[in-house]
$ cat structure_33.csv   # CSV, C-alpha atoms
chain,number,residue,atom,x,y,z
V,1,MET,CA,186.0,72.3,79.6
V,2,THR,CA,187.5,69.9,82.2
V,3,GLU,CA,185.5,66.9,83.2
V,4,GLN,CA,184.6,66.7,86.9
V,5,VAL,CA,186.3,64.1,89.1
V,6,GLY,CA,183.8,61.3,89.8
V,7,SER,CA,181.6,62.0,86.7
V,8,VAL,CA,180.9,59.2,84.2
V,9,VAL,CA,181.1,60.2,80.5
V,10,LEU,CA,181.0,58.6,77.1
V,11,GLY,CA,184.4,58.5,75.5
V,12,LYS,CA,185.9,57.2,72.3
V,13,VAL,CA,189.0,54.9,72.3
V,14,THR,CA,191.7,56.7,70.2
V,15,ARG,CA,194.8,54.6,70.9
V,16,ILE,CA,195.6,51.2,72.4
V,17,ARG,CA,198.9,50.6,74.1
V,18,ALA,CA,200.3,47.7,76.2
V,19,TYR,CA,199.7,49.6,79.4
V,20,GLY,CA,196.2,50.9,78.7
V,21,ALA,CA,193.9,52.8,76.3
V,22,PHE,CA,193.7,56.5,75.5
V,23,ILE,CA,190.1,57.8,75.5
V,24,GLU,CA,188.9,61.1,74.0
V,25,LEU,CA,186.2,62.7,76.1
V,26,PRO,CA,183.3,65.0,74.9
V,27,SER,CA,185.2,68.0,76.2
V,28,GLY,CA,188.1,67.3,73.8
V,29,GLU,CA,190.5,66.1,76.5
V,30,THR,CA,192.2,62.8,76.3
V,31,GLY,CA,192.7,60.5,79.3
V,32,LEU,CA,194.3,57.2,80.0
V,33,VAL,CA,192.5,54.0,81.2
V,34,HIS,CA,195.3,52.0,82.8
V,35,ILE,CA,195.2,48.3,82.1
V,36,SER,CA,194.4,47.6,85.8
V,37,GLU,CA,191.2,49.8,85.4
V,38,ILE,CA,189.8,48.0,82.4
V,39,ALA,CA,188.1,45.0,84.1
V,40,GLU,CA,187.7,43.3,87.4
V,41,GLU,CA,189.6,40.2,86.2
V,42,PHE,CA,193.2,40.0,85.1
V,43,VAL,CA,193.7,41.7,81.7
V,44,ARG,CA,196.5,40.2,79.7
V,45,SER,CA,196.0,42.3,76.6
V,46,VAL,CA,194.1,45.6,76.3
V,47,GLY,CA,193.1,44.6,72.7
V,48,ASP,CA,191.1,41.7,74.1
V,49,TYR,CA,188.7,44.2,75.8
V,50,LEU,CA,188.8,47.4,73.7
V,51,SER,CA,189.3,48.4,70.0
V,52,GLU,CA,190.1,51.8,68.5
V,53,GLY,CA,187.0,53.8,67.6
V,54,GLU,CA,184.8,52.1,70.2
V,55,GLU,CA,182.7,54.3,72.4
V,56,ILE,CA,182.7,53.4,76.1
V,57,ASN,CA,181.6,54.8,79.4
V,58,VAL,CA,184.5,55.9,81.7
V,59,LYS,CA,184.7,57.4,85.1
V,60,VAL,CA,187.0,60.3,85.7
V,61,LEU,CA,189.3,59.4,88.6
V,62,GLY,CA,191.3,62.5,88.7
V,63,HIS,CA,194.5,64.1,87.3
V,64,ASN,CA,198.0,62.7,87.6
V,65,ASP,CA,201.2,64.7,88.3
V,66,ASP,CA,201.3,65.8,84.6
V,67,GLU,CA,197.7,67.1,84.8
V,68,LYS,CA,196.5,64.2,82.6
V,69,LEU,CA,193.2,62.5,83.2
V,70,ASN,CA,193.1,59.1,84.9
V,71,LEU,CA,190.0,57.1,83.8
V,72,SER,CA,188.5,53.8,84.8
V,73,ILE,CA,186.1,51.5,83.1
V,74,LYS,CA,185.7,48.9,85.9
V,75,GLN,CA,184.5,51.6,88.4
V,76,VAL,CA,181.5,52.6,86.2
V,77,GLN,CA,178.3,51.4,87.9
V,78,GLU,CA,175.3,50.2,86.0
V,79,GLN,CA,173.2,53.1,87.4
V,80,ASP,CA,175.8,55.5,86.0
V,81,VAL,CA,175.4,53.9,82.5
V,82,GLU,CA,171.6,54.2,82.8
V,83,SER,CA,171.9,57.8,83.8
V,84,ILE,CA,174.1,58.6,80.8
V,85,ARG,CA,171.6,56.9,78.5
V,86,TYR,CA,168.8,58.9,80.0
V,87,ASP,CA,170.8,62.1,79.6
V,88,GLN,CA,171.6,61.3,76.0
V,89,GLU,CA,168.0,60.5,75.1
V,90,MET,CA,166.8,63.7,76.8
V,91,ALA,CA,169.3,65.7,74.8
V,92,GLU,CA,168.1,64.0,71.6
V,93,VAL,CA,164.5,64.8,72.3
V,94,GLN,CA,165.3,68.4,73.1
V,95,ARG,CA,167.3,68.7,69.9
V,96,ASP,CA,164.4,67.2,67.9
V,97,LEU,CA,161.9,69.6,69.6
V,98,SER,CA,164.1,72.7,68.8
V,99,GLU,CA,164.3,71.5,65.1
V,100,ARG,CA,160.5,71.2,64.9
V,101,GLU,CA,160.1,74.7,66.4
V,102,LEU,CA,162.2,76.1,63.6
V,103,ILE,CA,160.1,74.3,61.0
V,104,MET,CA,156.6,74.8,62.4
V,105,PRO,CA,155.0,78.2,62.7
V,106,GLN,CA,155.1,79.8,66.2
V,107,THR,CA,151.3,80.3,66.4
V,108,ILE,CA,148.8,77.8,65.2
V,109,HIS,CA,145.2,79.0,65.1
V,110,VAL,CA,142.9,76.3,66.5
V,111,PRO,CA,139.2,77.3,66.3
V,112,LYS,CA,137.3,77.1,69.5
V,113,VAL,CA,134.7,74.4,69.6
V,114,GLU,CA,131.7,75.1,71.7
V,115,GLU,CA,131.1,72.3,74.0
V,116,PRO,CA,127.4,71.3,74.4
V,117,VAL,CA,125.9,72.1,77.7
V,118,GLU,CA,125.4,68.9,79.6
V,119,ARG,CA,122.0,68.3,81.1
V,120,PRO,CA,121.8,66.3,84.2
V,121,PHE,CA,121.3,62.6,83.9
V,122,ILE,CA,117.8,62.7,85.3
V,123,HIS,CA,116.6,65.0,82.5
V,124,TRP,CA,118.2,62.7,79.9
V,125,MET,CA,116.5,59.7,81.5
V,126,ALA,CA,113.1,61.3,81.4
V,127,ASP,CA,113.5,62.2,77.8
V,128,ALA,CA,114.6,58.7,77.0
V,129,GLN,CA,111.5,57.3,78.7
V,130,THR,CA,109.2,59.6,76.9
V,131,THR,CA,110.7,58.7,73.6
V,132,LEU,CA,110.5,55.0,74.4
V,133,GLN,CA,106.8,55.3,75.4
V,134,ARG,CA,106.0,57.2,72.1
V,135,LEU,CA,107.7,54.4,70.1
V,136,GLU,CA,105.9,51.7,71.9
V,137,ASN,CA,102.5,53.4,71.3
V,138,LYS,CA,103.4,53.7,67.6
V,139,LYS,CA,104.3,50.1,67.4
V,140,ALA,CA,101.1,49.0,69.2
V,141,LYS,CA,99.1,51.1,66.8
V,142,ALA,CA,100.8,49.6,63.8
V,143,GLN,CA,100.1,46.1,65.0
V,144,THR,CA,96.3,46.6,65.6
V,145,PRO,CA,94.1,45.2,62.8
V,146,ARG,CA,92.3,47.9,60.9
V,147,ASN,CA,88.5,47.8,60.6
V,148,ASN,CA,87.0,48.8,57.2
V,149,ASN,CA,84.2,50.7,59.0
V,150,ASN,CA,86.8,52.9,60.7
V,151,ARG,CA,88.4,53.6,57.3
V,152,SER,CA,85.4,54.5,55.4
V,153,ARG,CA,83.8,57.0,57.8
V,154,GLY,CA,83.0,60.2,56.0
V,155,ARG,CA,83.9,58.6,52.6
V,156,ARG,CA,81.8,57.1,50.0
V,157,ASN,CA,82.0,53.3,50.0
V,158,ASN,CA,82.7,52.3,46.4
V,159,ASN,CA,81.9,48.7,47.2
V,160,ARG,CA,78.2,49.4,47.7
V,161,ARG,CA,75.9,48.8,44.8
V,162,ARG,CA,74.1,51.7,43.4
V,163,ARG,CA,70.5,51.6,42.4
V,164,PRO,CA,69.8,52.5,38.9
V,165,ARG,CA,68.0,55.8,38.4
V,166,PRO,CA,64.7,55.8,36.7
V,167,SER,CA,65.0,56.9,33.2
V,168,SER,CA,63.3,60.0,32.0
V,169,SER,CA,62.3,58.8,28.6
V,170,SER,CA,58.7,59.4,28.6
$ encode --input "structure_33.csv" --output "structure tokens"
Amino acid sequence: MTEQVGSVVLGKVTRIRAYGAFIELPSGETGLVHISEIAEEFVRSVGDYLSEGEEINVKVLGHNDDEKLNLSIKQVQEQDVESIRYDQEMAEVQRDLSERELIMPQTIHVPKVEEPVERPFIHWMADAQTTLQRLENKKAKAQTPRNNNNRSRGRRNNNRRRRPRPSSSS
């Protein structure tokens, strides 16, 4: 697969020479970054900027007469780098998702939970007021002092003295 002219790709530095660096691209092709395309400022030594094994973003400029790729580091824009990072992260997420799909079962049974039927707010408020009134009545009843006469109605009062019965010993 040939990289498209103008595309920015992540490549790996394979060799460094006095005139530039050879970069291996994801497609397997190798291209040259000429010393003049490494940085905006004057580059005295390619080794000052690059090292073998380093991964760098390069822009594909085109092919030379020998059909070899011409690459550039200094023409890579910051937005191109961000775009590459985004694409790499998306590819990683997609890879992780496909791995999880292989591990997890295809169908997961989730029981349906019946949602309670919501009553309108007005009905809820009326119920709350009724409950509040009932609790206030209960509280008021508990705070009222109790009268013994009220308690003893219909019951025998054990506090009353009994009169002795006349004896039947005659």
$ closest_residue --input "structure_33.csv" --among "V:Val43, V:Leu97, V:Leu102, V:Leu32" --to "Lys68 in chain V" --atoms "only C-alpha atoms"
V:Leu32
$ residues_near_point --input "structure_33.csv" --point "(181.0, 62.6, 84.2)" --cutoff "10 Å" --atoms "only C-alpha atoms" --output "short mmCIF file (atom, residue, chain, number, x, y, z; two decimals) with C-alpha atoms, in the coordinates of the input"
data_model
loop_
_atom_site.label_atom_id
_atom_site.label_comp_id
_atom_site.auth_asym_id
_atom_site.auth_seq_id
_atom_site.Cartn_x
_atom_site.Cartn_y
_atom_site.Cartn_z
CA THR V 2 187.50 69.90 82.20
CA GLU V 3 185.50 66.90 83.20
CA GLN V 4 184.60 66.70 86.90
CA VAL V 5 186.30 64.10 89.10
CA GLY V 6 183.80 61.30 89.80
CA SER V 7 181.60 62.00 86.70
CA VAL V 8 180.90 59.20 84.20
CA VAL V 9 181.10 60.20 80.50
CA LEU V 10 181.00 58.60 77.10
CA LEU V 25 186.20 62.70 76.10
CA PRO V 26 183.30 65.00 74.90
CA ASN V 57 181.60 54.80 79.40
CA VAL V 58 184.50 55.90 81.70
CA LYS V 59 184.70 57.40 85.10
CA VAL V 60 187.00 60.30 85.70
CA LEU V 61 189.30 59.40 88.60
CA ASP V 80 175.80 55.50 86.00
CA ILE V 84 174.10 58.60 80.80
#
$ atom_distance --input "structure_33.csv" --atom1 "CA of Ser72 in chain V" --atom2 "CA of His34 in chain V"
7.3 Å
$ atom_distance --input "structure_33.csv" --atom1 "CA of Gly11 in chain V" --atom2 "CA of Glu54 in chain V"
8.3 Å
$ closest_residue --input "structure_33.csv" --among "V:Arg165, V:Lys12, V:Arg100, V:Lys112" --to "Glu55 in chain V" --atoms "only C-alpha atoms"
V:Lys12
$ closest_residue --input "structure_33.csv" --among "V:Val76, V:Leu69, V:Ile16, V:Leu132" --to "Ala39 in chain V" --atoms "all atoms listed in the file"
V:Val76
$ atom_distance --input "structure_33.csv" --atom1 "CA of Leu50 in chain V" --atom2 "CA of Gln75 in chain V"
15.9 Å
$ closest_residue --input "structure_33.csv" --among "V:Arg95, V:His123, V:Lys74, V:Arg15" --to "Glu52 in chain V" --atoms "all atoms listed in the file"
V:Arg15
$ closest_residue --input "structure_33.csv" --among "V:Ile103, V:Ala21, V:Ala142, V:Val93" --to "Gly53 in chain V" --atoms "only C-alpha atoms"
V:Ala21
$ closest_residue --input "structure_33.csv" --among "V:Ser51, V:Gln79, V:Asn64, V:Thr144" --to "Phe22 in chain V" --atoms "only C-alpha atoms"
V:Ser51
